[in-house]
$ cat start_5.txt   # compact mmCIF, N, CA and C atoms and all ligand atoms
# COMPACT_ATOMS: atom_id res chain seq x y z
N MET A 7 -5.10 58.48 -94.61
CA MET A 7 -5.71 59.73 -94.26
C MET A 7 -6.43 59.67 -92.94
N GLY A 8 -7.60 60.18 -92.93
CA GLY A 8 -8.32 60.29 -91.65
C GLY A 8 -8.53 58.96 -90.98
N LYS A 9 -8.30 58.93 -89.72
CA LYS A 9 -8.62 57.75 -88.94
C LYS A 9 -10.12 57.61 -88.81
N SER A 10 -10.58 56.36 -88.71
CA SER A 10 -12.02 56.21 -88.50
C SER A 10 -12.34 56.70 -87.09
N LYS A 11 -13.44 57.37 -87.01
CA LYS A 11 -13.75 57.85 -85.67
C LYS A 11 -14.43 56.77 -84.85
N GLN A 12 -14.17 56.86 -83.62
CA GLN A 12 -14.70 55.83 -82.73
C GLN A 12 -16.20 56.00 -82.52
N THR A 13 -16.87 54.90 -82.71
CA THR A 13 -18.32 54.97 -82.48
C THR A 13 -18.73 53.90 -81.46
N GLY A 14 -19.92 53.97 -81.10
CA GLY A 14 -20.48 52.92 -80.24
C GLY A 14 -19.75 52.79 -78.92
N ASN A 15 -19.57 53.87 -78.25
CA ASN A 15 -18.92 53.78 -76.95
C ASN A 15 -19.79 53.03 -75.94
N HIS A 16 -19.16 52.41 -74.97
CA HIS A 16 -19.91 51.59 -74.01
C HIS A 16 -20.75 52.44 -73.09
N LYS A 17 -21.93 51.98 -72.95
CA LYS A 17 -22.78 52.67 -71.98
C LYS A 17 -22.60 52.00 -70.62
N SER A 18 -22.54 52.77 -69.65
CA SER A 18 -22.40 52.18 -68.31
C SER A 18 -23.78 51.74 -67.82
N ASP A 19 -23.84 50.48 -67.37
CA ASP A 19 -25.13 50.04 -66.82
C ASP A 19 -25.00 49.67 -65.34
N ALA A 20 -24.28 50.46 -64.65
CA ALA A 20 -24.03 50.22 -63.23
C ALA A 20 -25.30 50.27 -62.39
N LYS A 21 -26.26 51.00 -62.88
CA LYS A 21 -27.48 51.18 -62.09
C LYS A 21 -28.32 49.93 -61.95
N LYS A 22 -28.18 49.02 -62.89
CA LYS A 22 -29.08 47.89 -62.96
C LYS A 22 -29.21 47.04 -61.69
N HIS A 23 -28.12 46.82 -61.01
CA HIS A 23 -28.13 45.81 -59.95
C HIS A 23 -28.50 46.31 -58.56
N ILE A 24 -28.53 47.58 -58.42
CA ILE A 24 -28.69 48.13 -57.07
C ILE A 24 -29.99 47.74 -56.37
N ALA A 25 -31.08 47.85 -57.08
CA ALA A 25 -32.39 47.65 -56.45
C ALA A 25 -32.54 46.27 -55.82
N LYS A 26 -31.99 45.26 -56.44
CA LYS A 26 -32.21 43.90 -55.98
C LYS A 26 -31.71 43.59 -54.58
N THR A 27 -30.55 44.08 -54.27
CA THR A 27 -29.91 43.69 -53.01
C THR A 27 -30.73 44.04 -51.78
N TRP A 28 -31.60 44.98 -51.88
CA TRP A 28 -32.35 45.42 -50.71
C TRP A 28 -33.49 44.51 -50.34
N LYS A 29 -34.04 43.84 -51.30
CA LYS A 29 -35.29 43.14 -51.04
C LYS A 29 -35.13 41.72 -50.52
N THR A 30 -33.92 41.20 -50.55
CA THR A 30 -33.75 39.79 -50.27
C THR A 30 -33.84 39.41 -48.79
N LYS A 31 -33.74 40.37 -47.95
CA LYS A 31 -33.73 40.06 -46.52
C LYS A 31 -35.12 39.62 -46.05
N ARG A 32 -35.13 38.44 -45.43
CA ARG A 32 -36.42 37.96 -44.96
C ARG A 32 -36.61 38.29 -43.49
N ARG A 33 -37.78 38.66 -43.16
CA ARG A 33 -38.08 39.04 -41.78
C ARG A 33 -38.49 37.79 -41.00
N THR A 34 -37.81 37.53 -39.93
CA THR A 34 -38.20 36.40 -39.09
C THR A 34 -38.60 36.90 -37.71
N LYS A 35 -39.00 35.96 -36.90
CA LYS A 35 -39.43 36.34 -35.55
C LYS A 35 -38.26 36.88 -34.73
N ASP A 36 -38.58 37.74 -33.80
CA ASP A 36 -37.57 38.22 -32.86
C ASP A 36 -37.28 37.15 -31.83
N MET A 37 -36.12 37.25 -31.23
CA MET A 37 -35.75 36.31 -30.18
C MET A 37 -36.77 36.32 -29.05
N ASP A 38 -37.26 37.49 -28.73
CA ASP A 38 -38.30 37.62 -27.70
C ASP A 38 -39.49 36.72 -27.99
N GLU A 39 -39.93 36.79 -29.23
CA GLU A 39 -41.10 36.00 -29.61
C GLU A 39 -40.81 34.52 -29.51
N ILE A 40 -39.62 34.16 -29.90
CA ILE A 40 -39.28 32.74 -29.85
C ILE A 40 -39.18 32.26 -28.41
N HIS A 41 -38.67 33.11 -27.57
CA HIS A 41 -38.62 32.73 -26.16
C HIS A 41 -40.02 32.46 -25.60
N SER A 42 -40.96 33.27 -26.00
CA SER A 42 -42.31 33.00 -25.49
C SER A 42 -42.94 31.81 -26.20
N ASP A 43 -42.53 31.57 -27.43
CA ASP A 43 -43.00 30.37 -28.14
C ASP A 43 -42.50 29.10 -27.47
N MET A 44 -41.38 29.23 -26.76
CA MET A 44 -40.78 28.05 -26.16
C MET A 44 -41.47 27.63 -24.87
N LYS A 45 -42.33 28.48 -24.35
CA LYS A 45 -43.06 28.09 -23.15
C LYS A 45 -43.98 26.92 -23.49
N THR A 46 -44.06 26.02 -22.57
CA THR A 46 -44.73 24.74 -22.82
C THR A 46 -46.04 24.85 -23.57
N GLU A 47 -46.90 25.74 -23.12
CA GLU A 47 -48.22 25.81 -23.74
C GLU A 47 -48.17 26.29 -25.19
N ALA A 48 -47.45 27.37 -25.38
CA ALA A 48 -47.31 27.92 -26.73
C ALA A 48 -46.63 26.92 -27.64
N ALA A 49 -45.61 26.28 -27.11
CA ALA A 49 -44.87 25.30 -27.90
C ALA A 49 -45.78 24.17 -28.34
N ALA A 50 -46.58 23.68 -27.41
CA ALA A 50 -47.47 22.58 -27.74
C ALA A 50 -48.41 22.96 -28.88
N LYS A 51 -48.89 24.19 -28.82
CA LYS A 51 -49.79 24.65 -29.88
C LYS A 51 -49.08 24.71 -31.22
N LEU A 52 -47.89 25.27 -31.20
CA LEU A 52 -47.15 25.44 -32.45
C LEU A 52 -46.74 24.10 -33.06
N LEU A 53 -46.47 23.15 -32.18
CA LEU A 53 -46.02 21.86 -32.68
C LEU A 53 -47.18 20.94 -33.05
N ASN A 54 -48.37 21.33 -32.69
CA ASN A 54 -49.54 20.53 -33.06
C ASN A 54 -50.57 21.39 -33.76
N GLN A 55 -50.14 22.00 -34.81
CA GLN A 55 -51.04 22.88 -35.54
C GLN A 55 -51.99 22.09 -36.43
N GLU A 56 -53.11 22.76 -36.71
CA GLU A 56 -54.04 22.13 -37.63
C GLU A 56 -53.44 22.15 -39.04
N VAL A 57 -53.87 21.20 -39.83
CA VAL A 57 -53.39 21.15 -41.20
C VAL A 57 -53.79 22.42 -41.93
N ASP A 58 -52.78 23.08 -42.48
CA ASP A 58 -53.04 24.29 -43.23
C ASP A 58 -52.34 24.19 -44.57
N VAL A 59 -53.13 24.04 -45.61
CA VAL A 59 -52.55 23.78 -46.93
C VAL A 59 -51.78 24.96 -47.51
N ASP A 60 -51.99 26.14 -46.93
CA ASP A 60 -51.26 27.30 -47.43
C ASP A 60 -49.86 27.40 -46.85
N VAL A 61 -49.58 26.59 -45.87
CA VAL A 61 -48.29 26.67 -45.21
C VAL A 61 -47.42 25.51 -45.66
N THR A 62 -46.14 25.76 -45.73
CA THR A 62 -45.19 24.70 -46.09
C THR A 62 -45.44 23.45 -45.26
N GLY A 63 -45.53 22.32 -45.92
CA GLY A 63 -45.74 21.05 -45.21
C GLY A 63 -47.05 21.01 -44.44
N CYS A 64 -48.00 21.82 -44.86
CA CYS A 64 -49.31 21.90 -44.20
C CYS A 64 -49.21 22.22 -42.71
N ALA A 65 -48.17 22.94 -42.34
CA ALA A 65 -47.96 23.38 -40.96
C ALA A 65 -47.73 22.24 -39.99
N GLN A 66 -47.30 21.11 -40.50
CA GLN A 66 -47.12 19.94 -39.64
C GLN A 66 -45.68 19.76 -39.15
N HIS A 67 -44.78 20.51 -39.72
CA HIS A 67 -43.38 20.34 -39.33
C HIS A 67 -42.77 21.70 -39.07
N TYR A 68 -42.71 22.05 -37.81
CA TYR A 68 -42.32 23.39 -37.44
C TYR A 68 -41.13 23.35 -36.50
N CYS A 69 -40.11 24.13 -36.83
CA CYS A 69 -38.99 24.27 -35.90
C CYS A 69 -39.27 25.46 -35.01
N LEU A 70 -39.49 25.14 -33.77
CA LEU A 70 -39.85 26.14 -32.77
C LEU A 70 -38.81 27.24 -32.66
N HIS A 71 -37.58 26.86 -32.70
CA HIS A 71 -36.51 27.79 -32.38
C HIS A 71 -36.14 28.70 -33.54
N CYS A 72 -36.38 28.24 -34.72
CA CYS A 72 -36.06 29.06 -35.89
C CYS A 72 -37.31 29.66 -36.51
N ALA A 73 -38.47 29.28 -35.98
CA ALA A 73 -39.74 29.77 -36.51
C ALA A 73 -39.86 29.48 -38.00
N ARG A 74 -39.59 28.24 -38.33
CA ARG A 74 -39.64 27.86 -39.74
C ARG A 74 -40.44 26.58 -39.94
N TYR A 75 -41.11 26.52 -41.06
CA TYR A 75 -41.86 25.32 -41.42
C TYR A 75 -41.07 24.49 -42.41
N PHE A 76 -41.26 23.19 -42.35
CA PHE A 76 -40.57 22.30 -43.28
C PHE A 76 -41.57 21.41 -43.99
N VAL A 77 -41.16 20.96 -45.16
CA VAL A 77 -42.08 20.17 -45.97
C VAL A 77 -42.39 18.82 -45.35
N ASP A 78 -41.41 18.22 -44.72
CA ASP A 78 -41.67 16.93 -44.10
C ASP A 78 -40.70 16.69 -42.93
N MET A 79 -40.92 15.59 -42.26
CA MET A 79 -40.13 15.25 -41.09
C MET A 79 -38.65 15.14 -41.43
N ARG A 80 -38.40 14.57 -42.59
CA ARG A 80 -37.02 14.36 -42.98
C ARG A 80 -36.28 15.69 -43.12
N SER A 81 -36.89 16.64 -43.80
CA SER A 81 -36.17 17.89 -43.99
C SER A 81 -36.06 18.68 -42.68
N MET A 82 -37.02 18.46 -41.79
CA MET A 82 -36.91 19.11 -40.50
C MET A 82 -35.75 18.52 -39.71
N LYS A 83 -35.63 17.21 -39.76
CA LYS A 83 -34.51 16.59 -39.05
C LYS A 83 -33.18 17.00 -39.64
N GLU A 84 -33.14 17.12 -40.95
CA GLU A 84 -31.92 17.61 -41.59
C GLU A 84 -31.59 19.00 -41.07
N HIS A 85 -32.62 19.79 -40.96
CA HIS A 85 -32.44 21.16 -40.47
C HIS A 85 -31.88 21.17 -39.05
N PHE A 86 -32.32 20.26 -38.22
CA PHE A 86 -31.83 20.20 -36.84
C PHE A 86 -30.32 19.99 -36.78
N LYS A 87 -29.78 19.40 -37.82
CA LYS A 87 -28.35 19.13 -37.82
C LYS A 87 -27.53 20.29 -38.38
N THR A 88 -28.20 21.27 -38.92
CA THR A 88 -27.46 22.35 -39.59
C THR A 88 -26.90 23.35 -38.60
N LYS A 89 -25.92 24.10 -39.10
CA LYS A 89 -25.30 25.15 -38.31
C LYS A 89 -26.31 26.21 -37.92
N VAL A 90 -27.17 26.55 -38.85
CA VAL A 90 -28.15 27.60 -38.60
C VAL A 90 -28.96 27.29 -37.34
N HIS A 91 -29.41 26.05 -37.28
CA HIS A 91 -30.24 25.64 -36.15
C HIS A 91 -29.43 25.60 -34.85
N LYS A 92 -28.26 25.05 -34.92
CA LYS A 92 -27.44 24.95 -33.71
C LYS A 92 -27.02 26.31 -33.18
N ARG A 93 -26.72 27.16 -34.11
CA ARG A 93 -26.36 28.52 -33.71
C ARG A 93 -27.54 29.19 -33.02
N ARG A 94 -28.71 28.90 -33.56
CA ARG A 94 -29.91 29.49 -33.00
C ARG A 94 -30.15 29.02 -31.57
N LEU A 95 -29.98 27.73 -31.35
CA LEU A 95 -30.15 27.19 -30.00
C LEU A 95 -29.20 27.86 -29.02
N LYS A 96 -27.98 28.01 -29.47
CA LYS A 96 -26.97 28.63 -28.62
C LYS A 96 -27.37 30.05 -28.28
N LYS A 97 -27.82 30.75 -29.28
CA LYS A 97 -28.20 32.14 -29.07
C LYS A 97 -29.37 32.25 -28.11
N LEU A 98 -30.32 31.36 -28.27
CA LEU A 98 -31.49 31.38 -27.39
C LEU A 98 -31.09 31.09 -25.95
N ARG A 99 -30.12 30.25 -25.80
CA ARG A 99 -29.64 29.90 -24.48
C ARG A 99 -28.97 31.09 -23.80
N GLU A 100 -28.25 31.84 -24.61
CA GLU A 100 -27.50 32.96 -24.05
C GLU A 100 -28.34 34.21 -23.84
N GLU A 101 -29.38 34.27 -24.60
CA GLU A 101 -30.24 35.45 -24.54
C GLU A 101 -30.76 35.64 -23.12
N PRO A 102 -30.55 36.81 -22.54
CA PRO A 102 -31.07 37.04 -21.19
C PRO A 102 -32.58 37.09 -21.19
N TYR A 103 -33.14 37.10 -20.02
CA TYR A 103 -34.59 37.12 -19.91
C TYR A 103 -35.19 38.27 -20.68
N THR A 104 -36.41 38.10 -21.09
CA THR A 104 -37.06 39.13 -21.89
C THR A 104 -37.24 40.40 -21.09
N GLN A 105 -37.44 41.46 -21.82
CA GLN A 105 -37.62 42.76 -21.21
C GLN A 105 -38.75 42.73 -20.18
N ALA A 106 -39.82 42.12 -20.52
CA ALA A 106 -40.99 42.07 -19.65
C ALA A 106 -40.64 41.45 -18.30
N GLU A 107 -39.94 40.37 -18.34
CA GLU A 107 -39.59 39.70 -17.10
C GLU A 107 -38.60 40.51 -16.28
N ALA A 108 -37.70 41.18 -16.97
CA ALA A 108 -36.74 42.03 -16.28
C ALA A 108 -37.46 43.15 -15.55
N GLU A 109 -38.45 43.72 -16.21
CA GLU A 109 -39.20 44.81 -15.60
C GLU A 109 -40.01 44.33 -14.41
N ARG A 110 -40.60 43.18 -14.57
CA ARG A 110 -41.39 42.63 -13.48
C ARG A 110 -40.52 42.37 -12.26
N ALA A 111 -39.36 41.82 -12.50
CA ALA A 111 -38.44 41.54 -11.41
C ALA A 111 -38.03 42.83 -10.72
N ALA A 112 -37.79 43.87 -11.53
CA ALA A 112 -37.39 45.15 -10.96
C ALA A 112 -38.53 45.74 -10.15
N GLY A 113 -39.74 45.64 -10.66
CA GLY A 113 -40.92 46.19 -9.99
C GLY A 113 -41.18 45.52 -8.66
N MET A 114 -40.92 44.25 -8.59
CA MET A 114 -41.15 43.53 -7.35
C MET A 114 -40.06 43.79 -6.32
N GLY A 115 -39.02 44.41 -6.77
CA GLY A 115 -37.95 44.80 -5.86
C GLY A 115 -37.09 43.66 -5.38
N SER A 116 -37.37 42.48 -5.85
CA SER A 116 -36.50 41.38 -5.44
C SER A 116 -35.84 40.80 -6.67
N TYR A 117 -34.59 40.69 -6.59
CA TYR A 117 -33.86 40.21 -7.75
C TYR A 117 -33.86 38.69 -7.80
N ILE A 118 -34.35 38.18 -8.87
CA ILE A 118 -34.33 36.73 -9.06
C ILE A 118 -33.14 36.39 -9.96
N PRO A 119 -32.23 35.65 -9.45
CA PRO A 119 -31.07 35.32 -10.27
C PRO A 119 -31.48 34.54 -11.51
N ALA A 120 -30.88 34.89 -12.62
CA ALA A 120 -31.25 34.26 -13.88
C ALA A 120 -30.87 32.79 -13.88
N LYS A 121 -31.84 31.99 -14.21
CA LYS A 121 -31.55 30.57 -14.38
C LYS A 121 -30.95 30.36 -15.76
N THR A 122 -30.27 29.30 -15.92
CA THR A 122 -29.83 28.96 -17.26
C THR A 122 -31.06 28.50 -18.02
N VAL A 123 -31.21 29.05 -19.18
CA VAL A 123 -32.34 28.63 -19.99
C VAL A 123 -31.97 27.34 -20.69
N GLU A 124 -32.80 26.38 -20.54
CA GLU A 124 -32.50 25.13 -21.20
C GLU A 124 -33.14 25.13 -22.57
N VAL A 125 -32.32 24.99 -23.56
CA VAL A 125 -32.84 24.99 -24.92
C VAL A 125 -32.38 23.74 -25.64
N LYS A 126 -33.33 22.94 -25.98
CA LYS A 126 -33.01 21.70 -26.68
C LYS A 126 -33.84 21.62 -27.94
N THR A 127 -33.31 20.93 -28.88
CA THR A 127 -34.10 20.67 -30.08
C THR A 127 -35.33 19.87 -29.67
N GLN A 128 -36.44 20.28 -30.19
CA GLN A 128 -37.67 19.57 -29.86
C GLN A 128 -37.57 18.10 -30.23
N THR A 129 -38.27 17.28 -29.49
CA THR A 129 -38.22 15.87 -29.83
C THR A 129 -39.17 15.59 -30.98
N VAL A 130 -38.76 14.69 -31.82
CA VAL A 130 -39.63 14.32 -32.94
C VAL A 130 -39.93 12.84 -32.86
N GLU A 131 -41.11 12.53 -33.29
CA GLU A 131 -41.47 11.12 -33.26
C GLU A 131 -40.82 10.36 -34.40
N GLU A 132 -40.30 9.23 -34.05
CA GLU A 132 -39.61 8.43 -35.06
C GLU A 132 -40.60 7.48 -35.70
N ASP A 133 -41.44 8.02 -36.52
CA ASP A 133 -42.42 7.10 -37.08
C ASP A 133 -42.39 7.06 -38.60
N MET A 134 -41.21 7.35 -39.13
CA MET A 134 -41.17 7.19 -40.57
C MET A 134 -40.46 5.89 -40.97
N ASP A 135 -40.73 5.52 -42.16
CA ASP A 135 -40.20 4.23 -42.62
C ASP A 135 -38.74 4.33 -42.99
ZN ZN A 201 -34.28 25.22 -36.19

$ encode --input "start_5.txt" --output "C-alpha cells"
Amino acid sequence: MGKSKQTGNHKSDAKKHIAKTWKTKRRTKDMDEIHSDMKTEAAAKLLNQEVDVDVTGCAQHYCLHCARYFVDMRSMKEHFKTKVHKRRLKKLREEPYTQAEAERAAGMGSYIPAKTVEVKTQTVEEDMD
C-alpha cells in the first residue's frame, strides 16, 4: 500500500563556513615602512631591541625585511633560508624609491638616477652551540 513518506530531509548548512575565511589575513608592514626600517639607524634599533617578554622571543630575533619576530636564533636562520624571505628580499630590491623620495627629487628639479638598492639578509652572530 502506501509508501512511507520521506522524512528528515537534509538541511543545507552552507552558511557555516563563510565567516571564517575573511579573518585569517594578517596585516604586515608596508614595503615603504620596511624600506625605512632598512636605513642603518632604524635597522640598528630594530635589531637591538630591549627585552620585551610580550613579544615573540622577547624581541631579540627580528627579521628586518619581513618585519617578523622569531623565538630564537635558530628559527630565524631557518627563516632566512625560506622562500618567503628570499622573495621578500627580491621584492625589496626591485621596489622603486619611496614616494617621499620621489617627490623630493621632483621638487628639487634635478633627477637623481635610481641606485640599485642593496638588500641582503642581515648578518647574525654565530654564537650558538
Ligand atoms: Zn625575513

$ residues_near_ligand --input "start_5.txt" --ligand "ligand ZN 201 (chain A)" --cutoff "6.5 Å" --atoms "only N, CA and C atoms and all ligand atoms" --output "PyMOL selection string"
chain A and resi 69-74+85-86+90-92

$ atom_distance --input "start_5.txt" --atom1 "atom N of Met37 (chain A)" --atom2 "CA of Phe76 (chain A)"
19.7 Å

$ atom_distance --input "start_5.txt" --atom1 "CA of Met44 (chain A)" --atom2 "CA of Lys96 (chain A)"
14.0 Å

$ residues_around --input "start_5.txt" --residues "His67 (chain A)" --least-positions-apart "3" --cutoff "7 Å" --atoms "all atoms listed in the file" --output "number ranges by chain"
A: 62-64, 74-79, 82

$ atom_distance --input "start_5.txt" --atom1 "CA of Leu53 (chain A)" --atom2 "CA of Lys126 (chain A)"
14.3 Å

$ select_by_dssp --input "start_5.txt" --residues "region 44-102 of chain A" --states "helix (DSSP H, G or I)" --output "NGL selection string"
:A and (46-53 or 62-65 or 79-86 or 89-100)

$ write_last_selection --input "start_5.txt" --atoms "N, CA and C atoms" --output "tab-separated table (two decimals), in the frame of the given file"
chain	number	residue	atom	x	y	z
A	46	THR	N	-44.06	26.02	-22.57
A	46	THR	CA	-44.73	24.74	-22.82
A	46	THR	C	-46.04	24.85	-23.57
A	47	GLU	N	-46.90	25.74	-23.12
A	47	GLU	CA	-48.22	25.81	-23.74
A	47	GLU	C	-48.17	26.29	-25.19
A	48	ALA	N	-47.45	27.37	-25.38
A	48	ALA	CA	-47.31	27.92	-26.73
A	48	ALA	C	-46.63	26.92	-27.64
A	49	ALA	N	-45.61	26.28	-27.11
A	49	ALA	CA	-44.87	25.30	-27.90
A	49	ALA	C	-45.78	24.17	-28.34
A	50	ALA	N	-46.58	23.68	-27.41
A	50	ALA	CA	-47.47	22.58	-27.74
A	50	ALA	C	-48.41	22.96	-28.88
A	51	LYS	N	-48.89	24.19	-28.82
A	51	LYS	CA	-49.79	24.65	-29.88
A	51	LYS	C	-49.08	24.71	-31.22
A	52	LEU	N	-47.89	25.27	-31.20
A	52	LEU	CA	-47.15	25.44	-32.45
A	52	LEU	C	-46.74	24.10	-33.06
A	53	LEU	N	-46.47	23.15	-32.18
A	53	LEU	CA	-46.02	21.86	-32.68
A	53	LEU	C	-47.18	20.94	-33.05
A	62	THR	N	-46.14	25.76	-45.73
A	62	THR	CA	-45.19	24.70	-46.09
A	62	THR	C	-45.44	23.45	-45.26
A	63	GLY	N	-45.53	22.32	-45.92
A	63	GLY	CA	-45.74	21.05	-45.21
A	63	GLY	C	-47.05	21.01	-44.44
A	64	CYS	N	-48.00	21.82	-44.86
A	64	CYS	CA	-49.31	21.90	-44.20
A	64	CYS	C	-49.21	22.22	-42.71
A	65	ALA	N	-48.17	22.94	-42.34
A	65	ALA	CA	-47.96	23.38	-40.96
A	65	ALA	C	-47.73	22.24	-39.99
A	79	MET	N	-40.92	15.59	-42.26
A	79	MET	CA	-40.13	15.25	-41.09
A	79	MET	C	-38.65	15.14	-41.43
A	80	ARG	N	-38.40	14.57	-42.59
A	80	ARG	CA	-37.02	14.36	-42.98
A	80	ARG	C	-36.28	15.69	-43.12
A	81	SER	N	-36.89	16.64	-43.80
A	81	SER	CA	-36.17	17.89	-43.99
A	81	SER	C	-36.06	18.68	-42.68
A	82	MET	N	-37.02	18.46	-41.79
A	82	MET	CA	-36.91	19.11	-40.50
A	82	MET	C	-35.75	18.52	-39.71
A	83	LYS	N	-35.63	17.21	-39.76
A	83	LYS	CA	-34.51	16.59	-39.05
A	83	LYS	C	-33.18	17.00	-39.64
A	84	GLU	N	-33.14	17.12	-40.95
A	84	GLU	CA	-31.92	17.61	-41.59
A	84	GLU	C	-31.59	19.00	-41.07
A	85	HIS	N	-32.62	19.79	-40.96
A	85	HIS	CA	-32.44	21.16	-40.47
A	85	HIS	C	-31.88	21.17	-39.05
A	86	PHE	N	-32.32	20.26	-38.22
A	86	PHE	CA	-31.83	20.20	-36.84
A	86	PHE	C	-30.32	19.99	-36.78
A	89	LYS	N	-25.92	24.10	-39.10
A	89	LYS	CA	-25.30	25.15	-38.31
A	89	LYS	C	-26.31	26.21	-37.92
A	90	VAL	N	-27.17	26.55	-38.85
A	90	VAL	CA	-28.15	27.60	-38.60
A	90	VAL	C	-28.96	27.29	-37.34
A	91	HIS	N	-29.41	26.05	-37.28
A	91	HIS	CA	-30.24	25.64	-36.15
A	91	HIS	C	-29.43	25.60	-34.85
A	92	LYS	N	-28.26	25.05	-34.92
A	92	LYS	CA	-27.44	24.95	-33.71
A	92	LYS	C	-27.02	26.31	-33.18
A	93	ARG	N	-26.72	27.16	-34.11
A	93	ARG	CA	-26.36	28.52	-33.71
A	93	ARG	C	-27.54	29.19	-33.02
A	94	ARG	N	-28.71	28.90	-33.56
A	94	ARG	CA	-29.91	29.49	-33.00
A	94	ARG	C	-30.15	29.02	-31.57
A	95	LEU	N	-29.98	27.73	-31.35
A	95	LEU	CA	-30.15	27.19	-30.00
A	95	LEU	C	-29.20	27.86	-29.02
A	96	LYS	N	-27.98	28.01	-29.47
A	96	LYS	CA	-26.97	28.63	-28.62
A	96	LYS	C	-27.37	30.05	-28.28
A	97	LYS	N	-27.82	30.75	-29.28
A	97	LYS	CA	-28.20	32.14	-29.07
A	97	LYS	C	-29.37	32.25	-28.11
A	98	LEU	N	-30.32	31.36	-28.27
A	98	LEU	CA	-31.49	31.38	-27.39
A	98	LEU	C	-31.09	31.09	-25.95
A	99	ARG	N	-30.12	30.25	-25.80
A	99	ARG	CA	-29.64	29.90	-24.48
A	99	ARG	C	-28.97	31.09	-23.80
A	100	GLU	N	-28.25	31.84	-24.61
A	100	GLU	CA	-27.50	32.96	-24.05
A	100	GLU	C	-28.34	34.21	-23.84

$ closest_residue --input "start_5.txt" --among "A:Val61, A:Ser81, A:Leu95, A:Val130" --to "His41 (chain A)" --atoms "only C-alpha atoms"
A:Leu95

$ axis_aligned_box --input "start_5.txt" --around "region 33-49 of chain A" --padding-each-side "5 Å" --output "JSON"
{"center_x": -42.0, "center_y": 31.6, "center_z": -32.9, "size_x": 22.5, "size_y": 24.9, "size_z": 30.6}

$ residues_near_point --input "start_5.txt" --point "(-44.6, 18.3, -36.4)" --cutoff "7 Å" --atoms "all atoms listed in the file" --output "PyMOL selection string"
chain A and resi 53-55+65-68
